[in-house]
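Peer 1: You'll find coords_3.cif just under this line, and it carries mmCIF, C-alpha atoms.
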data_model
#
loop_
_atom_site.label_atom_id
_atom_site.label_comp_id
_atom_site.auth_asym_id
_atom_site.auth_seq_id
_atom_site.Cartn_x
_atom_site.Cartn_y
_atom_site.Cartn_z
CA MET S 1 1.73 14.19 -3.40
CA THR S 2 -1.40 12.14 -2.65
CA GLU S 3 -4.60 14.17 -2.59
CA PRO S 4 -7.99 13.21 -1.13
CA ILE S 5 -10.37 11.63 -3.63
CA PRO S 6 -13.68 13.53 -3.65
CA SER S 7 -16.85 11.49 -3.55
CA GLU S 8 -20.53 12.26 -3.25
CA PHE S 9 -20.44 10.76 0.24
CA ASN S 10 -17.50 12.66 1.74
CA GLU S 11 -18.67 15.96 0.29
CA SER S 12 -21.91 15.56 2.27
CA LEU S 13 -20.17 15.08 5.63
CA ARG S 14 -19.95 17.84 8.24
CA LEU S 15 -18.19 18.05 11.59
CA PHE S 16 -20.59 17.26 14.46
CA ASP S 17 -23.53 16.60 12.17
CA ASN S 18 -26.07 13.96 13.26
CA LEU S 19 -24.06 11.14 11.69
CA HIS S 20 -20.84 12.26 13.39
CA LEU S 21 -22.55 12.65 16.78
CA CYS S 22 -24.10 9.19 16.44
CA ALA S 23 -20.70 7.68 15.56
CA LEU S 24 -19.11 9.46 18.53
CA PHE S 25 -21.79 8.16 20.89
CA ILE S 26 -21.35 4.55 19.73
CA SER S 27 -17.56 4.90 19.89
CA LEU S 28 -17.77 6.29 23.44
CA CYS S 29 -20.01 3.41 24.54
CA CYS S 30 -17.48 0.90 23.19
CA ILE S 31 -14.56 2.75 24.81
CA ILE S 32 -16.29 2.73 28.21
CA PHE S 33 -18.07 -0.60 28.33
CA ILE S 34 -15.67 -3.03 26.62
CA PRO S 35 -12.80 -2.53 29.15
CA LEU S 36 -15.35 -2.61 32.00
CA LEU S 37 -16.79 -5.84 30.64
CA GLY S 38 -13.28 -7.25 30.40
CA ARG S 39 -12.65 -6.30 34.01
CA MET S 40 -15.76 -8.25 35.05
CA LEU S 41 -14.66 -11.43 33.27
CA PRO S 42 -13.38 -14.30 35.43
CA LYS S 43 -9.59 -14.50 35.40
CA SER S 44 -9.71 -17.74 33.40
CA LYS S 45 -11.74 -16.01 30.66
CA LYS S 46 -9.76 -12.79 30.29
CA HIS S 47 -7.43 -14.30 27.69
CA PHE S 48 -10.53 -15.13 25.61
CA GLY S 49 -11.49 -11.42 25.63
CA VAL S 50 -7.96 -10.53 24.48
CA TRP S 51 -8.14 -12.81 21.47
CA VAL S 52 -11.62 -11.60 20.57
CA LEU S 53 -10.23 -8.04 20.43
CA VAL S 54 -7.23 -9.21 18.40
CA LEU S 55 -9.64 -10.90 15.98
CA PHE S 56 -11.63 -7.67 15.71
CA ALA S 57 -8.42 -5.76 14.95
CA VAL S 58 -7.41 -8.18 12.19
CA VAL S 59 -10.89 -8.48 10.66
CA GLN S 60 -11.43 -4.73 10.55
CA GLU S 61 -8.10 -4.29 8.73
CA ILE S 62 -9.17 -6.90 6.17
CA PHE S 63 -12.51 -5.15 5.66
CA ASP S 64 -10.79 -1.76 5.50
CA TYR S 65 -8.37 -2.79 2.76
CA SER S 66 -11.07 -4.70 0.88
CA ASN S 67 -13.26 -1.60 0.90
CA ARG S 68 -10.39 0.58 -0.33
CA ALA S 69 -9.70 -1.88 -3.14
CA SER S 70 -13.38 -1.79 -4.16
CA PHE S 71 -13.29 2.00 -4.36
CA ARG S 72 -9.86 2.57 -5.90
CA GLU S 73 -6.60 0.83 -6.72
CA LEU S 74 -4.38 0.20 -3.72
CA SER S 75 -1.03 1.99 -3.80
CA LEU S 76 2.17 2.44 -1.81
CA ALA S 77 1.47 6.16 -1.60
CA ARG S 78 -1.88 5.75 0.17
CA ASP S 79 -2.15 2.36 1.83
CA LEU S 80 0.94 1.59 3.92
CA PRO S 81 0.16 1.54 7.68
CA LEU S 82 2.41 4.52 8.38
CA ASN S 83 0.05 7.14 9.75
CA ILE S 84 0.15 7.49 13.52
CA CYS S 85 -3.18 5.78 14.15
CA ASN S 86 -2.33 2.94 11.74
CA PHE S 87 0.84 1.85 13.50
CA SER S 88 -0.69 2.73 16.88
CA LEU S 89 -3.26 0.00 16.27
CA ILE S 90 -0.48 -2.48 15.50
CA ILE S 91 1.49 -1.51 18.61
CA ALA S 92 -1.65 -1.53 20.78
CA THR S 93 -2.46 -5.05 19.54
CA VAL S 94 1.07 -6.20 20.41
CA SER S 95 0.67 -4.59 23.83
CA LEU S 96 -2.64 -6.37 24.35
CA ILE S 97 -1.07 -9.77 23.62
CA THR S 98 2.33 -9.35 25.27
CA ARG S 99 1.63 -6.65 27.88
CA ASN S 100 4.96 -5.14 26.94
CA ARG S 101 5.48 -1.96 28.96
CA TYR S 102 6.93 0.14 26.14
CA CYS S 103 4.22 -0.88 23.67
CA PHE S 104 1.60 -0.10 26.29
CA GLU S 105 3.04 3.34 27.01
CA PHE S 106 3.07 4.18 23.31
CA SER S 107 -0.47 2.91 22.75
CA TYR S 108 -1.70 4.82 25.81
CA PHE S 109 0.06 8.13 25.30
CA ILE S 110 0.16 8.34 21.50
CA GLY S 111 -2.41 5.87 20.21
CA ALA S 112 -5.24 6.78 22.55
CA THR S 113 -4.70 10.55 22.38
CA ALA S 114 -4.21 10.63 18.60
CA ALA S 115 -7.25 8.38 18.11
CA LEU S 116 -9.32 10.67 20.33
CA GLN S 117 -8.30 13.68 18.23
CA SER S 118 -9.26 11.77 15.08
CA LEU S 119 -12.66 10.80 16.48
CA LEU S 120 -13.42 14.42 17.38
CA THR S 121 -12.09 15.93 14.14
CA PRO S 122 -12.18 13.27 11.40
CA GLY S 123 -10.58 13.95 8.05
CA PHE S 124 -13.83 13.64 6.11
CA SER S 125 -12.04 14.38 2.84
CA TYR S 126 -10.24 11.04 3.20
CA ILE S 127 -13.42 9.00 3.88
CA TYR S 128 -14.90 7.76 0.62
CA ASN S 129 -18.08 5.82 1.40
CA GLN S 130 -20.30 4.53 4.21
CA ALA S 131 -18.16 1.44 4.84
CA ASP S 132 -15.05 3.62 5.08
CA TYR S 133 -16.84 5.84 7.61
CA ILE S 134 -17.75 2.86 9.79
CA MET S 135 -14.23 1.41 9.59
CA PHE S 136 -12.71 4.80 10.47
CA PHE S 137 -14.63 5.10 13.74
CA PHE S 138 -14.32 1.40 14.53
CA GLN S 139 -10.53 1.49 14.10
CA HIS S 140 -9.95 4.63 16.16
CA ALA S 141 -12.28 3.57 18.97
CA LEU S 142 -10.54 0.18 19.00
CA ILE S 143 -7.14 1.81 19.53
CA ILE S 144 -8.44 3.46 22.70
CA VAL S 145 -10.23 0.28 23.82
CA LEU S 146 -7.02 -1.75 23.56
CA ALA S 147 -5.03 0.77 25.60
CA LEU S 148 -7.74 0.94 28.27
CA TRP S 149 -7.98 -2.86 28.38
CA ASN S 150 -4.31 -2.88 29.41
CA VAL S 151 -5.16 -0.35 32.12
CA PHE S 152 -8.42 -1.67 33.56
CA VAL S 153 -8.11 -5.39 32.89
CA ASP S 154 -4.34 -5.97 33.06
CA GLY S 155 -3.73 -3.32 35.72
CA MET S 156 -0.89 -1.70 33.78
CA ILE S 157 0.31 1.82 34.55
CA THR S 158 2.91 3.95 32.83
CA SER S 159 6.38 4.38 34.32
CA LYS S 160 8.65 7.33 34.96
CA ASN S 161 9.80 9.25 31.85
CA ALA S 162 7.24 7.39 29.70
CA ILE S 163 6.13 10.59 27.97
CA LEU S 164 9.74 11.51 27.15
CA ARG S 165 10.43 8.05 25.69
CA THR S 166 7.21 8.17 23.72
CA MET S 167 7.95 11.61 22.26
CA ILE S 168 11.50 10.57 21.32
CA PHE S 169 10.24 7.41 19.59
CA LEU S 170 7.53 9.33 17.73
CA ASN S 171 9.98 11.94 16.46
CA LEU S 172 12.50 9.28 15.46
CA MET S 173 9.74 7.72 13.34
CA VAL S 174 9.65 10.89 11.26
CA LEU S 175 12.98 10.08 9.56
CA PRO S 176 12.15 6.66 8.04
CA VAL S 177 8.58 7.74 7.26
CA GLY S 178 9.91 10.92 5.63
CA ILE S 179 12.25 8.86 3.45
CA ILE S 180 9.33 6.64 2.38
CA ASN S 181 7.28 9.76 1.65
CA TRP S 182 10.06 11.02 -0.61
CA PHE S 183 10.37 7.73 -2.49
CA VAL S 184 6.66 7.08 -3.08
CA ASP S 185 5.45 10.71 -3.17
CA SER S 186 3.16 10.29 -0.16
CA ASN S 187 2.23 12.23 2.96
CA TYR S 188 2.28 9.66 5.77
CA MET S 189 2.09 11.17 9.27
CA TYR S 190 1.17 14.38 7.41
CA ILE S 191 4.74 15.61 7.66
CA CYS S 192 4.99 16.86 4.07
CA GLU S 193 1.71 18.68 3.69
CA LYS S 194 -1.03 19.95 6.00
CA PRO S 195 -3.99 17.54 6.05
CA LEU S 196 -7.39 18.74 4.88
CA VAL S 197 -9.03 18.51 8.29
CA GLU S 198 -11.27 20.94 10.18
CA SER S 199 -9.31 20.83 13.40
CA PRO S 200 -8.62 23.37 16.15
CA PHE S 201 -5.41 21.44 16.83
CA LEU S 202 -3.77 22.56 13.56
CA PHE S 203 -2.21 26.02 13.44
CA GLY S 204 -0.42 27.61 10.51
CA GLU S 205 1.03 26.10 7.37
CA TRP S 206 4.00 23.79 6.81
CA PRO S 207 6.11 23.28 8.87
CA TRP S 208 4.46 25.20 11.72
CA TYR S 209 1.38 22.98 11.92
CA ILE S 210 3.72 20.08 12.78
CA LEU S 211 4.98 22.04 15.80
CA SER S 212 1.39 22.80 16.83
CA LEU S 213 0.55 19.09 16.68
CA GLU S 214 3.58 18.31 18.82
CA VAL S 215 2.49 20.86 21.45
CA VAL S 216 -1.13 19.69 21.45
CA GLY S 217 -0.01 16.06 21.59
CA LEU S 218 2.28 16.79 24.55
CA LEU S 219 -0.51 18.59 26.42
CA MET S 220 -2.89 15.66 25.84
CA MET S 221 -0.25 13.22 27.06
CA LEU S 222 0.28 15.29 30.21
CA ILE S 223 -3.46 15.18 30.86
CA ALA S 224 -3.49 11.42 30.20
CA ALA S 225 -0.62 11.06 32.68
CA ILE S 226 -2.71 12.41 35.58
CA PRO S 227 -4.72 9.21 36.23
CA MET S 228 -1.53 7.18 35.77
CA THR S 229 0.25 9.26 38.43
CA MET S 230 -2.71 8.88 40.79
CA ALA S 231 -2.81 5.10 40.20
CA SER S 232 0.94 4.82 40.80
CA ARG S 233 0.70 6.71 44.10
CA ALA S 234 -2.26 4.59 45.22
CA ARG S 235 -0.37 1.43 44.39
CA SER S 236 2.66 2.65 46.34
CA LEU S 237 0.50 3.39 49.41
CA ASN S 238 -1.15 -0.04 49.24
CA ASN S 239 2.24 -1.72 49.08
#
Show this structure as structure tokens.

Peer 2:
Amino acid sequence: MTEPIPSEFNESLRLFDNLHLCALFISLCCIIFIPLLGRMLPKSKKHFGVWVLVLFAVVQEIFDYSNRASFRELSLARDLPLNICNFSLIIATVSLITRNRYCFEFSYFIGATAALQSLLTPGFSYIYNQADYIMFFFQHALIIVLALWNVFVDGMITSKNAILRTMIFLNLMVLPVGIINWFVDSNYMYICEKPLVESPFLFGEWPWYILSLEVVGLLMMLIAAIPMTMASRARSLNN
């Protein structure tokens, strides 16, 4: 099983220390102002904003993997994009380009909520140096930005039974990811071993912490569904 690699940097990190609060503030500014800026763009320029965000997503992945390679050897057990936030970024990028409803619903309900949890309670044990820290917050804030761009710029809203479909898809992902975990001795999606994270969202040991994450995730999705329900009703009244 893959274990975190201790470093002088990650051992100095603390939850809600000055560095974490600063990173949260910058992330929040990006999450709020980038979709609002996109909304203000002329219609003919909105596609330009989309491709700028896609470029950011690609470039940050290149920097992320380059930084990992400079710190340690890349491996199948650590570096496949199979954690929830990793493939949420991919799906959110596809949603941004195609405006596919199902990709949007996943990026909104799973990507944005999981990324928010990660921003609030980062797994500092898995962050190795300053560049890794920056890329961590950049990536997770970007996941939320992409989902909110679909909402505020593209005017997309979730549809009926979206949470149910999202939960089914997420749980179906456990099977192939679990098989990969078994073959390469990894812990993608943290389904084999409890992550070393200071988080109020994790209760108990294996397998009970998985159930607690499911419950917390469902509650966050239900909260995220409130503005979608309000927007849907407002749209129905206007029509």

Peer 1: Can you pull out every residue within 8 Å of Ile5 in chain S, counting only C-alpha atoms, but drop anything in the same chain fewer than 4 positions away, and send it as number ranges by chain?

Peer 2: S: 125-126, 128

Peer 1: Identify all residues satisfying the PyMOL selection byres ((chain S and resi 95) around 12) in the given file; provide them as a PDB file with C-alpha atoms, in the frame of the given file.

Peer 2:
ATOM      1  CA  VAL S  50      -7.960 -10.530  24.480  1.00  0.00           C
ATOM      2  CA  LEU S  53     -10.230  -8.040  20.430  1.00  0.00           C
ATOM      3  CA  VAL S  54      -7.230  -9.210  18.400  1.00  0.00           C
ATOM      4  CA  SER S  88      -0.690   2.730  16.880  1.00  0.00           C
ATOM      5  CA  LEU S  89      -3.260   0.000  16.270  1.00  0.00           C
ATOM      6  CA  ILE S  90      -0.480  -2.480  15.500  1.00  0.00           C
ATOM      7  CA  ILE S  91       1.490  -1.510  18.610  1.00  0.00           C
ATOM      8  CA  ALA S  92      -1.650  -1.530  20.780  1.00  0.00           C
ATOM      9  CA  THR S  93      -2.460  -5.050  19.540  1.00  0.00           C
ATOM     10  CA  VAL S  94       1.070  -6.200  20.410  1.00  0.00           C
ATOM     11  CA  LEU S  96      -2.640  -6.370  24.350  1.00  0.00           C
ATOM     12  CA  ILE S  97      -1.070  -9.770  23.620  1.00  0.00           C
ATOM     13  CA  THR S  98       2.330  -9.350  25.270  1.00  0.00           C
ATOM     14  CA  ARG S  99       1.630  -6.650  27.880  1.00  0.00           C
ATOM     15  CA  ASN S 100       4.960  -5.140  26.940  1.00  0.00           C
ATOM     16  CA  ARG S 101       5.480  -1.960  28.960  1.00  0.00           C
ATOM     17  CA  TYR S 102       6.930   0.140  26.140  1.00  0.00           C
ATOM     18  CA  CYS S 103       4.220  -0.880  23.670  1.00  0.00           C
ATOM     19  CA  PHE S 104       1.600  -0.100  26.290  1.00  0.00           C
ATOM     20  CA  GLU S 105       3.040   3.340  27.010  1.00  0.00           C
ATOM     21  CA  PHE S 106       3.070   4.180  23.310  1.00  0.00           C
ATOM     22  CA  SER S 107      -0.470   2.910  22.750  1.00  0.00           C
ATOM     23  CA  TYR S 108      -1.700   4.820  25.810  1.00  0.00           C
ATOM     24  CA  GLY S 111      -2.410   5.870  20.210  1.00  0.00           C
ATOM     25  CA  ILE S 143      -7.140   1.810  19.530  1.00  0.00           C
ATOM     26  CA  VAL S 145     -10.230   0.280  23.820  1.00  0.00           C
ATOM     27  CA  LEU S 146      -7.020  -1.750  23.560  1.00  0.00           C
ATOM     28  CA  ALA S 147      -5.030   0.770  25.600  1.00  0.00           C
ATOM     29  CA  LEU S 148      -7.740   0.940  28.270  1.00  0.00           C
ATOM     30  CA  TRP S 149      -7.980  -2.860  28.380  1.00  0.00           C
ATOM     31  CA  ASN S 150      -4.310  -2.880  29.410  1.00  0.00           C
ATOM     32  CA  VAL S 151      -5.160  -0.350  32.120  1.00  0.00           C
ATOM     33  CA  ASP S 154      -4.340  -5.970  33.060  1.00  0.00           C
ATOM     34  CA  MET S 156      -0.890  -1.700  33.780  1.00  0.00           C
TER      35      MET S 156
END

Peer 1: Can you pull out every residue within 10 Å of Ala23 in chain S, counting only C-alpha atoms, but drop anything in the same chain fewer than 6 positions away, and send it as a list in words?

Peer 2: Phe16, Asp17, Cys29, Leu119, Tyr133, Ile134, Phe136, Phe137, Phe138 and Ala141 of chain S

Peer 1: If you count all atoms listed in the file, which residues fall within 9 Å of range 188-200 of chain S, apart from same-chain ones fewer than 3 positions away, as a PDB file with C-alpha atoms, in the frame of the given file?

Peer 2:
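As written to disk, part06.pdb reads:
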ATOM      1  CA  MET S   1       1.730  14.190  -3.400  1.00  0.00           C
ATOM      2  CA  PRO S   4      -7.990  13.210  -1.130  1.00  0.00           C
ATOM      3  CA  LEU S  15     -18.190  18.050  11.590  1.00  0.00           C
ATOM      4  CA  ALA S  77       1.470   6.160  -1.600  1.00  0.00           C
ATOM      5  CA  ARG S  78      -1.880   5.750   0.170  1.00  0.00           C
ATOM      6  CA  LEU S  80       0.940   1.590   3.920  1.00  0.00           C
ATOM      7  CA  PRO S  81       0.160   1.540   7.680  1.00  0.00           C
ATOM      8  CA  LEU S  82       2.410   4.520   8.380  1.00  0.00           C
ATOM      9  CA  ASN S  83       0.050   7.140   9.750  1.00  0.00           C
ATOM     10  CA  ILE S  84       0.150   7.490  13.520  1.00  0.00           C
ATOM     11  CA  CYS S  85      -3.180   5.780  14.150  1.00  0.00           C
ATOM     12  CA  GLN S 117      -8.300  13.680  18.230  1.00  0.00           C
ATOM     13  CA  LEU S 120     -13.420  14.420  17.380  1.00  0.00           C
ATOM     14  CA  THR S 121     -12.090  15.930  14.140  1.00  0.00           C
ATOM     15  CA  PRO S 122     -12.180  13.270  11.400  1.00  0.00           C
ATOM     16  CA  GLY S 123     -10.580  13.950   8.050  1.00  0.00           C
ATOM     17  CA  PHE S 124     -13.830  13.640   6.110  1.00  0.00           C
ATOM     18  CA  SER S 125     -12.040  14.380   2.840  1.00  0.00           C
ATOM     19  CA  TYR S 126     -10.240  11.040   3.200  1.00  0.00           C
ATOM     20  CA  VAL S 174       9.650  10.890  11.260  1.00  0.00           C
ATOM     21  CA  VAL S 177       8.580   7.740   7.260  1.00  0.00           C
ATOM     22  CA  GLY S 178       9.910  10.920   5.630  1.00  0.00           C
ATOM     23  CA  ILE S 180       9.330   6.640   2.380  1.00  0.00           C
ATOM     24  CA  ASN S 181       7.280   9.760   1.650  1.00  0.00           C
ATOM     25  CA  PHE S 203      -2.210  26.020  13.440  1.00  0.00           C
ATOM     26  CA  GLY S 204      -0.420  27.610  10.510  1.00  0.00           C
ATOM     27  CA  GLU S 205       1.030  26.100   7.370  1.00  0.00           C
ATOM     28  CA  TRP S 206       4.000  23.790   6.810  1.00  0.00           C
ATOM     29  CA  PRO S 207       6.110  23.280   8.870  1.00  0.00           C
ATOM     30  CA  TYR S 209       1.380  22.980  11.920  1.00  0.00           C
ATOM     31  CA  ILE S 210       3.720  20.080  12.780  1.00  0.00           C
TER      32      ILE S 210
END

Peer 1: When you count only C-alpha atoms, which of these residues is closest to Phe9 in chain S: S:Ile62, S:Ser44, S:Asn171, S:Asp132?

Peer 2: S:Asp132

Peer 1: List the neighbours of range 224-227 of chain S out to 8 Å using all atoms listed in the file; skip same-chain residues closer than 5 positions along the sequence, and give me the result as a list in words.

Peer 2: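 Contacts, with the query itself left out: Phe109, Thr113 and Thr158 of chain S.
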
Peer 1: Tell me which protein, DNA and RNA residues are within 10 Å of Gly38 in chain S, counting all atoms listed in the file, leaving out same-chain ones fewer than 2 positions away, and put them as a list in words.

Peer 2: Phe33, Ile34, Pro35, Leu36, Met40, Leu41, Pro42, Lys43, Lys45, Lys46, His47, Phe48, Gly49, Val50, Trp149, Phe152, Val153 and Asp154 of chain S

Peer 1: Restricting the calculation to all atoms listed in the file, which member of S:Val184, S:Pro176, S:Met228, S:Gln130 is positioned closest to Ser159 in chain S?

Peer 2: S:Met228

Peer 1: Hey, which of S:Ile127, S:Leu222, S:Ala69, S:Val52 ends up closest to Leu13 in chain S? Count all atoms listed in the file.

Peer 2: S:Ile127

Peer 1: Specify the axis-aligned box that encloses all atoms of range 66-82 of chain S listed in the file after padding of 3 Å on each side, stating its centre and edge lengths in Å to one decimal as JSON.

Peer 2:
{"center_x": -5.5, "center_y": 0.7, "center_z": 0.8, "size_x": 21.8, "size_y": 16.9, "size_z": 21.1}

Peer 1: Tell me, in Å to one decimal, how far CA of Asn86 in chain S is from CA of Asn161 in chain S.

Peer 2: 24.3 Å

Peer 1: Between S:Ala131, S:Val58, S:Leu237, S:Ile144, which one has atoms that come closest to Ser118 in chain S, using only C-alpha atoms?

Peer 2: S:Ile144

Peer 1: Could you check how far CA of Leu170 in chain S sits from CA of Phe56 in chain S, in Å to one decimal?

Peer 2: 25.7 Å

Peer 1: Any idea what the distance is between CA of Met220 in chain S and CA of Asn18 in chain S?

Peer 2: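 Computing it gives 26.4 Å between the two atoms.
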
Peer 1: From the list S:Asp185, S:Leu74, S:Asn10, S:Met167, which residue is nearest Leu213 in chain S when using all atoms listed in the file?

Peer 2: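 Among S:Asp185, S:Leu74, S:Asn10, S:Met167, it is S:Met167 that comes nearest to Leu213 in chain S.
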